[in-house]
$ cat upload_17.cif   # mmCIF, C-alpha atoms
data_upload
loop_
_atom_site.group_PDB
_atom_site.id
_atom_site.type_symbol
_atom_site.label_atom_id
_atom_site.label_comp_id
_atom_site.auth_asym_id
_atom_site.auth_seq_id
_atom_site.Cartn_x
_atom_site.Cartn_y
_atom_site.Cartn_z
ATOM 1 C CA MET A 24 96.286 90.551 124.336
ATOM 2 C CA ILE A 25 97.407 91.005 120.751
ATOM 3 C CA ARG A 26 99.850 88.360 119.545
ATOM 4 C CA ASN A 27 99.353 88.584 115.780
ATOM 5 C CA VAL A 28 99.559 91.650 113.523
ATOM 6 C CA VAL A 29 98.266 91.226 109.975
ATOM 7 C CA PHE A 30 98.969 93.827 107.288
ATOM 8 C CA ASP A 31 97.337 94.484 103.952
ATOM 9 C CA ILE A 32 99.826 95.278 101.172
ATOM 10 C CA GLY A 33 98.436 97.831 98.704
ATOM 11 C CA GLY A 34 97.434 101.018 100.488
ATOM 12 C CA VAL A 35 99.251 100.026 103.694
ATOM 13 C CA LEU A 36 102.762 98.691 103.129
ATOM 14 C CA LEU A 37 102.818 100.089 99.606
ATOM 15 C CA ARG A 38 101.316 103.303 98.274
ATOM 16 C CA LEU A 39 99.059 102.918 95.265
ATOM 17 C CA ARG A 40 99.694 105.060 92.181
ATOM 18 C CA TYR A 41 97.007 103.795 89.833
ATOM 19 C CA GLN A 42 96.108 107.086 88.143
ATOM 20 C CA PRO A 43 98.924 106.872 85.537
ATOM 21 C CA PHE A 44 97.613 103.423 84.520
ATOM 22 C CA ILE A 45 94.066 104.753 84.238
ATOM 23 C CA ASP A 46 95.291 107.702 82.166
ATOM 24 C CA TYR A 47 97.247 105.345 79.905
ATOM 25 C CA LEU A 48 94.157 103.224 79.216
ATOM 26 C CA ALA A 49 91.953 106.266 78.737
ATOM 27 C CA GLY A 50 94.458 107.557 76.190
ATOM 28 C CA ALA A 51 94.013 104.293 74.286
ATOM 29 C CA GLY A 52 90.281 104.909 74.063
ATOM 30 C CA ILE A 53 89.128 102.746 76.974
ATOM 31 C CA ASP A 54 86.201 104.338 78.810
ATOM 32 C CA MET A 55 87.344 104.746 82.431
ATOM 33 C CA SER A 56 84.539 107.096 83.523
ATOM 34 C CA ASP A 57 82.913 104.385 85.656
ATOM 35 C CA LEU A 58 85.906 102.747 87.334
ATOM 36 C CA PRO A 59 83.937 100.298 89.543
ATOM 37 C CA GLY A 60 81.900 99.249 86.523
ATOM 38 C CA TRP A 61 85.054 98.822 84.447
ATOM 39 C CA LEU A 62 86.674 96.681 87.153
ATOM 40 C CA ALA A 63 83.579 94.489 87.179
ATOM 41 C CA GLN A 64 83.676 94.245 83.373
ATOM 42 C CA VAL A 65 87.247 92.936 83.321
ATOM 43 C CA ASP A 66 86.414 90.878 86.439
ATOM 44 C CA LEU A 67 89.297 91.965 88.631
ATOM 45 C CA ALA A 68 87.721 90.045 91.521
ATOM 46 C CA ALA A 69 88.007 86.776 89.583
ATOM 47 C CA HIS A 70 91.630 87.615 88.836
ATOM 48 C CA GLU A 71 92.356 88.217 92.518
ATOM 49 C CA ARG A 72 90.656 84.901 93.376
ATOM 50 C CA GLY A 73 93.027 83.167 90.976
ATOM 51 C CA GLU A 74 90.305 82.236 88.480
ATOM 52 C CA ILE A 75 91.804 84.438 85.758
ATOM 53 C CA GLY A 76 95.562 84.693 85.301
ATOM 54 C CA GLY A 77 97.296 88.007 84.860
ATOM 55 C CA ASP A 78 98.028 87.436 81.186
ATOM 56 C CA GLU A 79 94.357 86.772 80.496
ATOM 57 C CA LEU A 80 93.342 89.861 82.453
ATOM 58 C CA LEU A 81 95.735 92.047 80.463
ATOM 59 C CA GLY A 82 94.438 90.480 77.266
ATOM 60 C CA ARG A 83 90.904 91.460 78.205
ATOM 61 C CA ILE A 84 92.056 95.008 78.873
ATOM 62 C CA ALA A 85 93.950 95.224 75.584
ATOM 63 C CA ALA A 86 90.886 94.032 73.677
ATOM 64 C CA MET A 87 88.940 97.074 74.901
ATOM 65 C CA ALA A 88 91.387 99.588 73.435
ATOM 66 C CA ARG A 89 90.605 101.533 70.272
ATOM 67 C CA ARG A 90 94.263 101.436 69.253
ATOM 68 C CA PRO A 91 96.677 98.514 69.627
ATOM 69 C CA LEU A 92 98.511 98.385 72.943
ATOM 70 C CA ASP A 93 102.045 97.071 73.161
ATOM 71 C CA PRO A 94 101.789 93.999 75.432
ATOM 72 C CA ALA A 95 105.142 94.656 77.118
ATOM 73 C CA GLU A 96 104.240 98.268 77.877
ATOM 74 C CA LEU A 97 100.799 97.303 79.162
ATOM 75 C CA ARG A 98 102.347 94.721 81.460
ATOM 76 C CA ALA A 99 105.014 97.141 82.707
ATOM 77 C CA ARG A 100 102.433 99.824 83.460
ATOM 78 C CA TRP A 101 100.211 97.302 85.242
ATOM 79 C CA LEU A 102 103.094 96.322 87.497
ATOM 80 C CA ASP A 103 104.397 99.839 88.070
ATOM 81 C CA MET A 104 101.709 101.306 90.319
ATOM 82 C CA PHE A 105 103.242 100.862 93.776
ATOM 83 C CA ASP A 106 105.776 102.683 95.939
ATOM 84 C CA ARG A 107 107.111 101.569 99.279
ATOM 85 C CA ALA A 108 105.376 103.228 102.250
ATOM 86 C CA HIS A 109 108.540 103.404 104.329
ATOM 87 C CA ASP A 110 106.988 103.985 107.770
ATOM 88 C CA MET A 111 104.526 101.109 107.530
ATOM 89 C CA PHE A 112 107.006 98.771 105.859
ATOM 90 C CA ASP A 113 109.532 99.432 108.604
ATOM 91 C CA LEU A 114 106.829 99.032 111.260
ATOM 92 C CA ALA A 115 106.043 95.528 110.012
ATOM 93 C CA ALA A 116 109.734 94.621 110.081
ATOM 94 C CA GLY A 117 110.142 96.105 113.563
ATOM 95 C CA LEU A 118 107.176 94.238 115.029
ATOM 96 C CA LYS A 119 108.413 90.880 113.804
ATOM 97 C CA GLY A 120 110.691 90.347 116.789
ATOM 98 C CA ASP A 121 107.870 90.584 119.368
ATOM 99 C CA TYR A 122 104.795 89.533 117.406
ATOM 100 C CA ARG A 123 103.739 87.092 114.745
ATOM 101 C CA VAL A 124 103.433 89.276 111.650
ATOM 102 C CA PHE A 125 101.531 88.262 108.515
ATOM 103 C CA LEU A 126 100.304 89.665 105.221
ATOM 104 C CA LEU A 127 96.780 89.283 103.874
ATOM 105 C CA SER A 128 96.199 90.785 100.439
ATOM 106 C CA ASN A 129 93.778 90.786 97.548
ATOM 107 C CA ILE A 130 96.339 90.337 94.806
ATOM 108 C CA GLY A 131 96.827 88.551 91.504
ATOM 109 C CA ASP A 132 99.684 86.431 90.252
ATOM 110 C CA LEU A 133 101.580 89.069 88.264
ATOM 111 C CA HIS A 134 101.522 91.702 90.987
ATOM 112 C CA TRP A 135 102.522 89.158 93.615
ATOM 113 C CA GLU A 136 105.478 87.825 91.621
ATOM 114 C CA HIS A 137 106.679 91.358 90.863
ATOM 115 C CA LEU A 138 106.200 92.837 94.326
ATOM 116 C CA ASN A 139 107.571 89.879 96.247
ATOM 117 C CA ALA A 140 110.693 89.887 94.099
ATOM 118 C CA ARG A 141 111.110 93.629 94.619
ATOM 119 C CA TYR A 142 110.241 93.967 98.302
ATOM 120 C CA GLY A 143 110.903 90.496 99.753
ATOM 121 C CA PHE A 144 107.531 89.994 101.413
ATOM 122 C CA ASP A 145 108.204 86.329 102.130
ATOM 123 C CA GLU A 146 111.149 87.355 104.308
ATOM 124 C CA LEU A 147 109.497 90.432 105.840
ATOM 125 C CA THR A 148 106.841 88.494 107.757
ATOM 126 C CA HIS A 149 106.066 85.094 109.220
ATOM 127 C CA GLY A 150 103.633 84.207 106.467
ATOM 128 C CA VAL A 151 101.482 85.450 103.616
ATOM 129 C CA VAL A 152 97.964 84.782 102.392
ATOM 130 C CA ALA A 153 97.662 86.005 98.808
ATOM 131 C CA SER A 154 94.086 85.855 97.572
ATOM 132 C CA PHE A 155 94.869 84.338 94.177
ATOM 133 C CA ARG A 156 96.405 81.330 95.917
ATOM 134 C CA VAL A 157 93.441 80.582 98.197
ATOM 135 C CA GLY A 158 90.495 81.365 95.916
ATOM 136 C CA ALA A 159 88.901 83.986 98.160
ATOM 137 C CA ILE A 160 89.120 87.754 98.545
ATOM 138 C CA LYS A 161 88.448 90.267 101.287
ATOM 139 C CA PRO A 162 85.949 91.038 102.706
ATOM 140 C CA SER A 163 84.663 87.451 102.393
ATOM 141 C CA ALA A 164 84.871 85.602 105.702
ATOM 142 C CA ALA A 165 86.496 82.705 103.853
ATOM 143 C CA ILE A 166 89.847 84.461 103.469
ATOM 144 C CA TYR A 167 90.039 85.474 107.142
ATOM 145 C CA ARG A 168 89.145 81.948 108.239
ATOM 146 C CA GLU A 169 91.754 80.503 105.888
ATOM 147 C CA THR A 170 94.345 82.844 107.384
ATOM 148 C CA GLU A 171 93.387 81.655 110.872
ATOM 149 C CA ARG A 172 93.636 78.027 109.764
ATOM 150 C CA ARG A 173 96.991 78.376 108.042
ATOM 151 C CA PHE A 174 98.727 80.207 110.846
ATOM 152 C CA GLY A 175 96.820 79.057 113.919
ATOM 153 C CA LEU A 176 95.509 82.538 114.698
ATOM 154 C CA ASP A 177 93.226 83.277 117.621
ATOM 155 C CA PRO A 178 90.879 85.955 116.231
ATOM 156 C CA ALA A 179 90.684 87.812 119.543
ATOM 157 C CA ALA A 180 94.502 88.027 119.671
ATOM 158 C CA THR A 181 94.825 89.278 116.081
ATOM 159 C CA VAL A 182 94.763 92.830 114.701
ATOM 160 C CA PHE A 183 94.361 93.513 110.995
ATOM 161 C CA ILE A 184 95.420 96.756 109.272
ATOM 162 C CA ASP A 185 93.755 97.635 105.967
ATOM 163 C CA ASP A 186 93.030 100.840 104.045
ATOM 164 C CA LEU A 187 89.500 99.842 102.929
ATOM 165 C CA PRO A 188 86.594 100.001 105.408
ATOM 166 C CA PRO A 189 84.777 96.917 103.993
ATOM 167 C CA ASN A 190 87.882 94.801 104.574
ATOM 168 C CA VAL A 191 88.199 96.147 108.111
ATOM 169 C CA ALA A 192 84.547 95.312 108.735
ATOM 170 C CA GLY A 193 85.066 91.812 107.306
ATOM 171 C CA ALA A 194 87.850 91.150 109.789
ATOM 172 C CA GLN A 195 85.805 92.507 112.677
ATOM 173 C CA ALA A 196 82.882 90.272 111.694
ATOM 174 C CA CYS A 197 85.246 87.317 112.150
ATOM 175 C CA GLY A 198 86.175 88.466 115.657
ATOM 176 C CA TRP A 199 89.470 90.150 114.779
ATOM 177 C CA GLN A 200 90.577 93.525 116.021
ATOM 178 C CA ALA A 201 90.988 95.780 112.981
ATOM 179 C CA ILE A 202 92.321 99.218 112.113
ATOM 180 C CA HIS A 203 91.297 101.358 109.160
ATOM 181 C CA HIS A 204 94.646 102.704 107.991
ATOM 182 C CA ARG A 205 94.624 106.297 106.783
ATOM 183 C CA GLU A 206 98.029 107.582 107.836
ATOM 184 C CA PRO A 207 100.833 106.114 109.967
ATOM 185 C CA VAL A 208 100.525 108.223 113.135
ATOM 186 C CA GLN A 209 96.850 107.387 113.536
ATOM 187 C CA THR A 210 97.510 103.685 112.971
ATOM 188 C CA LEU A 211 100.351 103.718 115.502
ATOM 189 C CA ARG A 212 98.065 105.293 118.089
ATOM 190 C CA GLN A 213 95.403 102.660 117.512
ATOM 191 C CA LEU A 214 97.962 99.881 117.820
ATOM 192 C CA ARG A 215 99.206 101.335 121.088
ATOM 193 C CA ALA A 216 95.602 101.593 122.334
ATOM 194 C CA LEU A 217 95.303 97.851 121.731
ATOM 195 C CA GLY A 218 98.382 97.265 123.884
ATOM 196 C CA VAL A 219 100.784 96.592 121.026
ATOM 197 C CA ARG A 220 104.387 97.395 121.980
ATOM 198 C CA LEU A 221 105.704 99.620 119.231
ATOM 199 C CA PRO A 222 109.310 99.325 118.067
ATOM 200 C CA ALA A 223 111.510 102.059 119.524
ATOM 201 C CA PRO A 224 111.630 104.216 116.353
ATOM 202 C CA PHE A 225 107.829 104.377 116.411
ATOM 203 C CA ALA A 226 107.263 105.159 120.091
ATOM 204 C CA LEU A 227 104.714 107.946 120.508
ATOM 205 C CA GLU A 228 104.628 110.614 123.160
#

$ encode --input "upload_17.cif" --output "structure tokens"
Amino acid sequence: MIRNVVFDIGGVLLRLRYQPFIDYLAGAGIDMSDLPGWLAQVDLAAHERGEIGGDELLGRIAAMARRPLDPAELRARWLDMFDRAHDMFDLAAGLKGDYRVFLLSNIGDLHWEHLNARYGFDELTHGVVASFRVGAIKPSAAIYRETERRFGLDPAATVFIDDLPPNVAGAQACGWQAIHHREPVQTLRQLRALGVRLPAPFALE
């Protein structure tokens, strides 16, 4: 029986709009043709583990540009790549009365400060594990185990919702139920198949 529902943030509760940021950097002469390689070069993973602060990360990005970037504009564009996914956000709020609801996100300090202030994640759920605070990122088993430890989760009674298949597989490897989120109706159906009681506005025929 599911007792705990754990949501990812970016790509689940919030929609990602990263293309304008990529276009902005490309316009400054930064080669974005190999995005995975570029992310490795700036070491986004280290940033999300809390090893590199957001200001240092943005400094690394600025140093790659062929023309000077205004630090305030770079920071604003870095922060402004999310929109609220209303259905999923409201689902998390609606489940909170019957289930223990948590967030588990690969996220750095600047994005967390900005998004929590804007969307009130600390109040939305019963608890949050932000990767930069715990020194581990999905899909490493360490971050799922730390989430279990912090909140007393029984893996078999926990379902995790994430938009990236490797993160879903990481949760499943730790004994969690997990859903690959693509669009809300499909996710709602999978939750119902697991026996999760959906809030009235989300009841499916």

$ axis_aligned_box --input "upload_17.cif" --around "region 201-211 of chain A" --padding-each-side "5 Å" --output "AutoDock Vina command-line options"
--center_x 95.9 --center_y 102.0 --center_z 111.1 --size_x 19.8 --size_y 22.4 --size_z 18.7

$ residues_around --input "upload_17.cif" --residues "Ile45 (chain A)" --least-positions-apart "2" --cutoff "12 Å" --atoms "only C-alpha atoms" --output "PyMOL selection string"
chain A and resi 40-43+47-58+61-62+84+97+100-101+104

$ write_last_selection --input "upload_17.cif" --atoms "C-alpha atoms" --output "mmCIF file, keeping the file's coordinate frame"
data_model
loop_
_atom_site.group_PDB
_atom_site.id
_atom_site.type_symbol
_atom_site.label_atom_id
_atom_site.label_comp_id
_atom_site.auth_asym_id
_atom_site.auth_seq_id
_atom_site.Cartn_x
_atom_site.Cartn_y
_atom_site.Cartn_z
ATOM 1 C CA ARG A 40 99.694 105.060 92.181
ATOM 2 C CA TYR A 41 97.007 103.795 89.833
ATOM 3 C CA GLN A 42 96.108 107.086 88.143
ATOM 4 C CA PRO A 43 98.924 106.872 85.537
ATOM 5 C CA TYR A 47 97.247 105.345 79.905
ATOM 6 C CA LEU A 48 94.157 103.224 79.216
ATOM 7 C CA ALA A 49 91.953 106.266 78.737
ATOM 8 C CA GLY A 50 94.458 107.557 76.190
ATOM 9 C CA ALA A 51 94.013 104.293 74.286
ATOM 10 C CA GLY A 52 90.281 104.909 74.063
ATOM 11 C CA ILE A 53 89.128 102.746 76.974
ATOM 12 C CA ASP A 54 86.201 104.338 78.810
ATOM 13 C CA MET A 55 87.344 104.746 82.431
ATOM 14 C CA SER A 56 84.539 107.096 83.523
ATOM 15 C CA ASP A 57 82.913 104.385 85.656
ATOM 16 C CA LEU A 58 85.906 102.747 87.334
ATOM 17 C CA TRP A 61 85.054 98.822 84.447
ATOM 18 C CA LEU A 62 86.674 96.681 87.153
ATOM 19 C CA ILE A 84 92.056 95.008 78.873
ATOM 20 C CA LEU A 97 100.799 97.303 79.162
ATOM 21 C CA ARG A 100 102.433 99.824 83.460
ATOM 22 C CA TRP A 101 100.211 97.302 85.242
ATOM 23 C CA MET A 104 101.709 101.306 90.319
#

$ residues_around --input "upload_17.cif" --residues "Glu96 (chain A)" --least-positions-apart "2" --cutoff "12 Å" --atoms "only C-alpha atoms" --output "NGL selection string"
:A and (44 or 47-48 or 81 or 85 or 91-94 or 98-103)

$ write_last_selection --input "upload_17.cif" --atoms "C-alpha atoms" --output "PDB file, in the frame of the given file"
ATOM      1  CA  PHE A  44      97.613 103.423  84.520  1.00  0.00           C
ATOM      2  CA  TYR A  47      97.247 105.345  79.905  1.00  0.00           C
ATOM      3  CA  LEU A  48      94.157 103.224  79.216  1.00  0.00           C
ATOM      4  CA  LEU A  81      95.735  92.047  80.463  1.00  0.00           C
ATOM      5  CA  ALA A  85      93.950  95.224  75.584  1.00  0.00           C
ATOM      6  CA  PRO A  91      96.677  98.514  69.627  1.00  0.00           C
ATOM      7  CA  LEU A  92      98.511  98.385  72.943  1.00  0.00           C
ATOM      8  CA  ASP A  93     102.045  97.071  73.161  1.00  0.00           C
ATOM      9  CA  PRO A  94     101.789  93.999  75.432  1.00  0.00           C
ATOM     10  CA  ARG A  98     102.347  94.721  81.460  1.00  0.00           C
ATOM     11  CA  ALA A  99     105.014  97.141  82.707  1.00  0.00           C
ATOM     12  CA  ARG A 100     102.433  99.824  83.460  1.00  0.00           C
ATOM     13  CA  TRP A 101     100.211  97.302  85.242  1.00  0.00           C
ATOM     14  CA  LEU A 102     103.094  96.322  87.497  1.00  0.00           C
ATOM     15  CA  ASP A 103     104.397  99.839  88.070  1.00  0.00           C
TER      16      ASP A 103
END

$ resolve_selection --input "upload_17.cif" --expression "the PyMOL selection byres ((chain A and resi 34) around 9)" --output "PyMOL selection string"
chain A and resi 31-33+35-39+105+108+185-187+204-205

$ atom_distance --input "upload_17.cif" --atom1 "CA of Phe225 (chain A)" --atom2 "CA of His149 (chain A)"
20.7 Å

$ residues_around --input "upload_17.cif" --residues "region 206-216 of chain A" --least-positions-apart "2" --cutoff "9 Å" --atoms "all atoms listed in the file" --output "PyMOL selection string"
chain A and resi 35+110-111+182+184+202-204+218-221+225-227

$ resolve_selection --input "upload_17.cif" --expression "the PyMOL selection byres ((chain A and resi 119-133) around 8)" --output "PyMOL selection string"
chain A and resi 26-33+70-73+76-77+102+115-118+134-137+148-155+160-161+170

$ residues_around --input "upload_17.cif" --residues "Ala196 (chain A)" --least-positions-apart "4" --cutoff "9 Å" --atoms "all atoms listed in the file" --output "MDAnalysis selection string"
chainID A and resid 164 191:192
